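Worksheet: the structure to be examined is printed underneath.
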Number of protein chains: 2
Amino acid sequence: MKSIHSTFALLAIALAGLTTAKAQDPLPSWNDGKTKQSIVTFVEKVTKEGSVDFVPPNERIATLDNDGTLWCEQPIYFQIMFALDRVKTLAPQHPEWKDKEPFASLLKGDLKGALAGGEKALMEIVAVTHSGMTTEEFEKLVKDWIATAKHPVIKRPLLEMVYQPMLELLAYLRANNFKTFIVSGGGVEFMRVFAEKTYGIPPEQVLGSSGKLKFDLRDGKPELVKLPAINFIDDKDGKPVGIQTYIGRRPIAAFGNSDGDLQMLQWTAAGAGARFCLYVHHDDAAREFAYDRKSHIGTFDKGWDEAVAKGWTVVSMKDDWKTIFPPAK
Amino acid sequence: MKSIHSTFALLAIALAGLTTAKAQDPLPSWNDGKTKQSIVTFVEKVTKEGSVDFVPPNERIATLDNDGTLWCEQPIYFQIMFALDRVKTLAPQHPEWKDKEPFASLLKGDLKGALAGGEKALMEIVAVTHSGMTTEEFEKLVKDWIATAKHPVIKRPLLEMVYQPMLELLAYLRANNFKTFIVSGGGVEFMRVFAEKTYGIPPEQVLGSSGKLKFDLRDGKPELVKLPAINFIDDKDGKPVGIQTYIGRRPIAAFGNSDGDLQMLQWTAAGAGARFCLYVHHDDAAREFAYDRKSHIGTFDKGWDEAVAKGWTVVSMKDDWKTIFPPAK
């Protein structure tokens, strides 16, 4: 028969175990439930040596979309906000813009009118705001802009419009020797300015859309100049293409929220062995924005339907996330 | 006055220190001298906390050319050997090649005649050998081929035609928290097949030339098909462009051997803070090949002259390297 002392000792150990487990919850901003459990189950099985699902560390590639998956994408992509602000800054040097679309509408604050010209109009805006300078000059422009830019509706600094539960997920994956990559339709040189500090993802693990560059020697000093020409669009079919070209290894886990991510999730899911695909569903009008199927910033229905049909993990931001954004700094 | 015991003790410690230092020489295949010392001096100063030259680990990017820098490139690039062997294998399915250049010459063993058609001829060979299959099919072709391919002159397996001193250099850099990248004009999907096992460089740290890919759903199964079209040529100006596009951070150390590497070394050297550029000079006709300035595989004079003029570290394979290739397996 156990002494009362040893019973207390066992109880103390059991309680200590519980406390430790709670203190070590790697995903504290995720509510307990099926969604959170699916993440933990996947990570545990691919990292357990001897398990049939074990994946060696060098093959633990995780790819994550940025806009709408790691940070907010409403009411417009933040990179478009950058371009619009840049047009306003440059306007005094371009009096001709007053009568020239898409700039005329833009400068009147009529975004819809400015983008009525479709892809051609957008490319004209991108050309004047994202080219004609060196890569270092562009980096500085973005760095200075994003340091003070605020969300137009929620009024917080843009760099705080990141999803706290996803920051925890990134850290959890890395603690389990995953290599985390951003694979986004956004501009690669735009995202690299803040990805390392904000997400802990170094520049060489950020894939995005890019413009062509030109190597030049200016007075013997080498420079890379940004040209007004598309190099690569890292969206839809471009995501698996970009993954193969830049990473060269198929991810075992992929995270997205829109139709632009669907092919990346399909490519990931189709690999051999354990795979994990997650789709973030924006259904929290109170704390962020609620939208699916169609929105003015894009379509979501194909990705959404396939996520549901294939039983991928679907995050309800309203139900699965305790908090959306990190505490204010 | 010291006792004889303490003198012996001090001597023993001193000897032990020497032994340890010798045992820990990270570059045992490098002869002592200016070249080896320049590498060690650079690595020590950028890794010494508090030093004016200190570089944080995440910024310790090193980029290395492959052909002629990490492995042999004579008498022809090994990837061209792969393409030629592939043409021979495919020839029975293409009876028309007997009368069609560049294939007719190639199948007669006349490489010079086959390449007389210049870039167009080479692209036709690349198209039939490097496209029209999925990325996974291509990977298997290269893997099977390289497992048995031998050097035509030195008669060793191609995978043993790597430079032992450079393998030690890679390990030394990584032990000092450098991230090592291949930046080569060679095909990225060709190199990735063996780079991890041979050099310890994972696929996502291999940059090279690439063809366009097409994402396709075949019976619902996603595939990436290699198209007969160039995506990116990672040579000359393309090297700094590729570094910026894929890595997004300027290297602090770069290693090359030909004019194709010059712009990468210039881009590296022009950054702020401590920088290291190294140029491998093939001057060892007895153990490998001796060539510089001009060769049938390319030009070397611009890189060579600039390396000498700028005082970059120049490796004499004859004088600086104790051994060229690793011991036979």
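To be explicit about the labels: the chains of the structure tokens are called A, B, and onward in the order shown, and within each one the residues are counted from 1, while ligands get numbers from 1 in the order they are shown.
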May I have all residues of range 29-270 of chain A that DSSP, computed from the backbone, assigns to helix (DSSP H, G or I), given as number ranges by chain?
A: 34-47, 57-59, 78-93, 95-99, 103-107, 111-130, 135-148, 158-160, 164-175, 188-199, 203-205, 238-247, 259-269
How close does each residue of range 53-171 of chain B get to range 238-256 of chain B, giving the shortest atom pair and distance in Å to one decimal for every residue with an atom at most 10 Å away, counting only C-alpha atoms, sorted by chain and residue number, as a Markdown table?
| residue | atom | partner | partner_atom | distance |
| --- | --- | --- | --- | --- |
| B:Val55 | CA | B:Ile252 | CA | 8.9 |
| B:Asn58 | CA | B:Arg249 | CA | 9.8 |
| B:Glu59 | CA | B:Arg249 | CA | 7.6 |
| B:Arg60 | CA | B:Ile252 | CA | 6.3 |
| B:Ile61 | CA | B:Pro251 | CA | 4.6 |
| B:Ala62 | CA | B:Ala253 | CA | 4.7 |
| B:Thr63 | CA | B:Ala254 | CA | 4.8 |
| B:Leu64 | CA | B:Phe255 | CA | 4.7 |
| B:Asp65 | CA | B:Gly256 | CA | 5.1 |
| B:Asn66 | CA | B:Gly256 | CA | 7.9 |
| B:Asp67 | CA | B:Gly256 | CA | 8.8 |
| B:Gly68 | CA | B:Gly256 | CA | 7.7 |
| B:Thr69 | CA | B:Gly256 | CA | 5.6 |
| B:Leu70 | CA | B:Gly256 | CA | 8.7 |
| B:Met166 | CA | B:Phe255 | CA | 9.9 |
Dump of C-alpha atoms for the selected residues, as a CSV table (one decimal), in the first residue's frame:
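Produced file selection_14.csv, reproduced below:
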chain,number,residue,atom,x,y,z
B,55,VAL,CA,28.5,39.8,-39.7
B,58,ASN,CA,21.7,35.3,-41.1
B,59,GLU,CA,23.8,37.6,-43.3
B,60,ARG,CA,26.6,35.1,-43.9
B,61,ILE,CA,25.7,34.2,-47.5
B,62,ALA,CA,28.4,32.5,-49.6
B,63,THR,CA,27.8,31.8,-53.3
B,64,LEU,CA,29.9,29.3,-55.3
B,65,ASP,CA,30.0,28.5,-58.9
B,66,ASN,CA,29.9,24.8,-59.7
B,67,ASP,CA,31.6,23.9,-63.0
B,68,GLY,CA,35.4,24.5,-62.6
B,69,THR,CA,34.9,25.7,-59.0
B,70,LEU,CA,33.4,22.8,-57.1
B,166,MET,CA,36.4,22.9,-51.8
For Leu141 in chain B, work out the shell of residues within 12 Å, counting only C-alpha atoms and skipping chain neighbours fewer than 3 positions away, then give it as a list in words.
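My list of contacting residues is Phe82, Ala83, Asp85, Arg86, Thr89, Thr129, His130, Ser131, Met133, Thr134, Thr135, Glu136, Glu137, Phe138, Asp144, Trp145, Ile146, Ala147, Thr148, Glu189, Phe190 and Val193 of chain B.
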Keeping N, CA, C and O atoms for every residue in the selection just given, could you write it to a file as an mmCIF file, in the first residue's frame?
data_model
loop_
_atom_site.group_PDB
_atom_site.id
_atom_site.type_symbol
_atom_site.label_atom_id
_atom_site.label_comp_id
_atom_site.auth_asym_id
_atom_site.auth_seq_id
_atom_site.Cartn_x
_atom_site.Cartn_y
_atom_site.Cartn_z
ATOM 1 N N PHE B 82 25.844 14.389 -70.317
ATOM 2 C CA PHE B 82 24.517 13.797 -70.066
ATOM 3 C C PHE B 82 23.625 13.941 -71.301
ATOM 4 O O PHE B 82 22.983 12.976 -71.746
ATOM 5 N N ALA B 83 23.627 15.149 -71.883
ATOM 6 C CA ALA B 83 22.763 15.404 -73.047
ATOM 7 C C ALA B 83 23.178 14.514 -74.224
ATOM 8 O O ALA B 83 22.328 13.950 -74.916
ATOM 9 N N ASP B 85 24.786 11.599 -74.158
ATOM 10 C CA ASP B 85 24.396 10.210 -73.879
ATOM 11 C C ASP B 85 22.902 10.011 -74.081
ATOM 12 O O ASP B 85 22.450 8.971 -74.563
ATOM 13 N N ARG B 86 22.146 11.037 -73.729
ATOM 14 C CA ARG B 86 20.697 10.963 -73.843
ATOM 15 C C ARG B 86 20.270 10.916 -75.318
ATOM 16 O O ARG B 86 19.378 10.169 -75.685
ATOM 17 N N THR B 89 20.785 7.489 -76.523
ATOM 18 C CA THR B 89 19.740 6.586 -76.021
ATOM 19 C C THR B 89 18.432 6.763 -76.791
ATOM 20 O O THR B 89 17.716 5.800 -77.050
ATOM 21 N N THR B 129 16.572 16.725 -74.877
ATOM 22 C CA THR B 129 17.102 15.962 -73.740
ATOM 23 C C THR B 129 16.620 16.497 -72.392
ATOM 24 O O THR B 129 16.696 15.793 -71.390
ATOM 25 N N HIS B 130 16.172 17.742 -72.361
ATOM 26 C CA HIS B 130 15.814 18.382 -71.094
ATOM 27 C C HIS B 130 14.358 18.831 -71.042
ATOM 28 O O HIS B 130 13.985 19.572 -70.149
ATOM 29 N N SER B 131 13.549 18.451 -72.006
ATOM 30 C CA SER B 131 12.141 18.852 -71.931
ATOM 31 C C SER B 131 11.249 17.740 -72.472
ATOM 32 O O SER B 131 11.734 16.716 -72.957
ATOM 33 N N MET B 133 9.202 16.058 -70.579
ATOM 34 C CA MET B 133 8.923 15.080 -69.511
ATOM 35 C C MET B 133 8.594 15.866 -68.234
ATOM 36 O O MET B 133 8.800 17.080 -68.188
ATOM 37 N N THR B 134 8.103 15.163 -67.232
ATOM 38 C CA THR B 134 7.834 15.854 -65.972
ATOM 39 C C THR B 134 9.160 16.073 -65.229
ATOM 40 O O THR B 134 10.175 15.433 -65.524
ATOM 41 N N THR B 135 9.115 16.974 -64.265
ATOM 42 C CA THR B 135 10.319 17.242 -63.466
ATOM 43 C C THR B 135 10.773 15.982 -62.733
ATOM 44 O O THR B 135 11.965 15.752 -62.565
ATOM 45 N N GLU B 136 9.824 15.162 -62.327
ATOM 46 C CA GLU B 136 10.203 13.939 -61.610
ATOM 47 C C GLU B 136 10.836 12.911 -62.535
ATOM 48 O O GLU B 136 11.774 12.211 -62.158
ATOM 49 N N GLU B 137 10.334 12.843 -63.767
ATOM 50 C CA GLU B 137 10.942 11.936 -64.751
ATOM 51 C C GLU B 137 12.370 12.376 -65.076
ATOM 52 O O GLU B 137 13.284 11.549 -65.177
ATOM 53 N N PHE B 138 12.546 13.685 -65.219
ATOM 54 C CA PHE B 138 13.887 14.200 -65.521
ATOM 55 C C PHE B 138 14.858 13.887 -64.379
ATOM 56 O O PHE B 138 15.986 13.446 -64.600
ATOM 57 N N ASP B 144 19.858 8.228 -62.501
ATOM 58 C CA ASP B 144 20.321 6.945 -63.035
ATOM 59 C C ASP B 144 21.612 7.120 -63.838
ATOM 60 O O ASP B 144 22.528 6.312 -63.750
ATOM 61 N N TRP B 145 21.661 8.201 -64.620
ATOM 62 C CA TRP B 145 22.839 8.417 -65.478
ATOM 63 C C TRP B 145 24.086 8.687 -64.643
ATOM 64 O O TRP B 145 25.135 8.076 -64.852
ATOM 65 N N ILE B 146 23.929 9.590 -63.676
ATOM 66 C CA ILE B 146 25.130 10.034 -62.951
ATOM 67 C C ILE B 146 25.655 8.959 -61.997
ATOM 68 O O ILE B 146 26.820 8.986 -61.602
ATOM 69 N N ALA B 147 24.805 8.008 -61.669
ATOM 70 C CA ALA B 147 25.241 6.932 -60.763
ATOM 71 C C ALA B 147 26.356 6.100 -61.387
ATOM 72 O O ALA B 147 27.172 5.512 -60.671
ATOM 73 N N THR B 148 26.410 6.058 -62.717
ATOM 74 C CA THR B 148 27.427 5.206 -63.370
ATOM 75 C C THR B 148 28.354 5.982 -64.299
ATOM 76 O O THR B 148 29.333 5.419 -64.789
ATOM 77 N N GLU B 189 17.913 21.884 -62.336
ATOM 78 C CA GLU B 189 17.313 20.587 -62.016
ATOM 79 C C GLU B 189 18.319 19.455 -62.195
ATOM 80 O O GLU B 189 18.143 18.381 -61.625
ATOM 81 N N PHE B 190 19.351 19.705 -62.981
ATOM 82 C CA PHE B 190 20.436 18.730 -63.127
ATOM 83 C C PHE B 190 21.263 18.696 -61.836
ATOM 84 O O PHE B 190 21.482 17.643 -61.241
ATOM 85 N N VAL B 193 20.003 17.149 -58.350
ATOM 86 C CA VAL B 193 19.947 15.698 -58.174
ATOM 87 C C VAL B 193 21.075 15.211 -57.252
ATOM 88 O O VAL B 193 20.890 14.281 -56.480
#
Which residues are near Met317 in chain B? Cut-off 10 Å, only C-alpha atoms, ignore same chain within fewer than 3 positions. Put them as an NGL selection string.
:B and (30 or 163 or 165 or 280-285 or 287-290 or 314 or 320-324)
Taking only C-alpha atoms into account and nothing else, which residues of chain B lie no more than 6 Å away from chain A? Please answer as a ChimeraX atom specification.
/B:203-204,215,222,237,247-248,267
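Of the residues under consideration (B:Leu106, B:Ala121, B:Val128, B:Gly303), B:Val128 shows the shortest atom-to-atom contact distance to Gln93 in chain B when counting only C-alpha atoms.
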Which of range 118-255 of chain B end up as strand (DSSP E) when DSSP is run on this backbone - answer as a PyMOL selection string?
chain B and resi 179-187+206-218+221-232+253-255
Write the residues of the selection above to a file with C-alpha atoms, as a CSV table (one decimal), in the first residue's frame.
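Once written, selection.csv looks like this:
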chain,number,residue,atom,x,y,z
B,179,LYS,CA,24.6,29.5,-45.7
B,180,THR,CA,26.3,28.0,-48.8
B,181,PHE,CA,24.6,28.4,-52.2
B,182,ILE,CA,25.6,27.1,-55.6
B,183,VAL,CA,25.2,29.8,-58.3
B,184,SER,CA,25.9,28.2,-61.6
B,185,GLY,CA,25.2,28.5,-65.3
B,186,GLY,CA,24.4,24.8,-65.2
B,187,GLY,CA,20.9,23.5,-65.2
B,206,VAL,CA,21.0,25.6,-55.7
B,207,LEU,CA,20.6,28.4,-58.3
B,208,GLY,CA,21.1,27.6,-61.9
B,209,SER,CA,19.8,28.1,-65.4
B,210,SER,CA,16.3,26.8,-65.9
B,211,GLY,CA,13.7,26.1,-68.5
B,212,LYS,CA,10.0,27.0,-68.3
B,213,LEU,CA,7.7,24.7,-66.5
B,214,LYS,CA,4.0,24.0,-67.1
B,215,PHE,CA,1.6,23.0,-64.3
B,216,ASP,CA,-0.9,20.4,-65.5
B,217,LEU,CA,-3.5,18.2,-64.0
B,218,ARG,CA,-3.3,14.8,-65.7
B,221,LYS,CA,-2.9,14.4,-60.7
B,222,PRO,CA,-0.8,17.6,-60.7
B,223,GLU,CA,2.4,17.5,-62.7
B,224,LEU,CA,5.1,19.9,-63.7
B,225,VAL,CA,6.1,19.4,-67.3
B,226,LYS,CA,9.5,20.7,-68.6
B,227,LEU,CA,9.0,22.9,-71.7
B,228,PRO,CA,11.5,23.5,-74.5
B,229,ALA,CA,11.9,27.2,-73.6
B,230,ILE,CA,14.5,29.1,-71.5
B,231,ASN,CA,13.3,30.6,-68.3
B,232,PHE,CA,16.6,32.0,-66.9
B,253,ALA,CA,31.8,35.7,-50.0
B,254,ALA,CA,31.8,34.4,-53.6
B,255,PHE,CA,33.9,31.7,-55.4
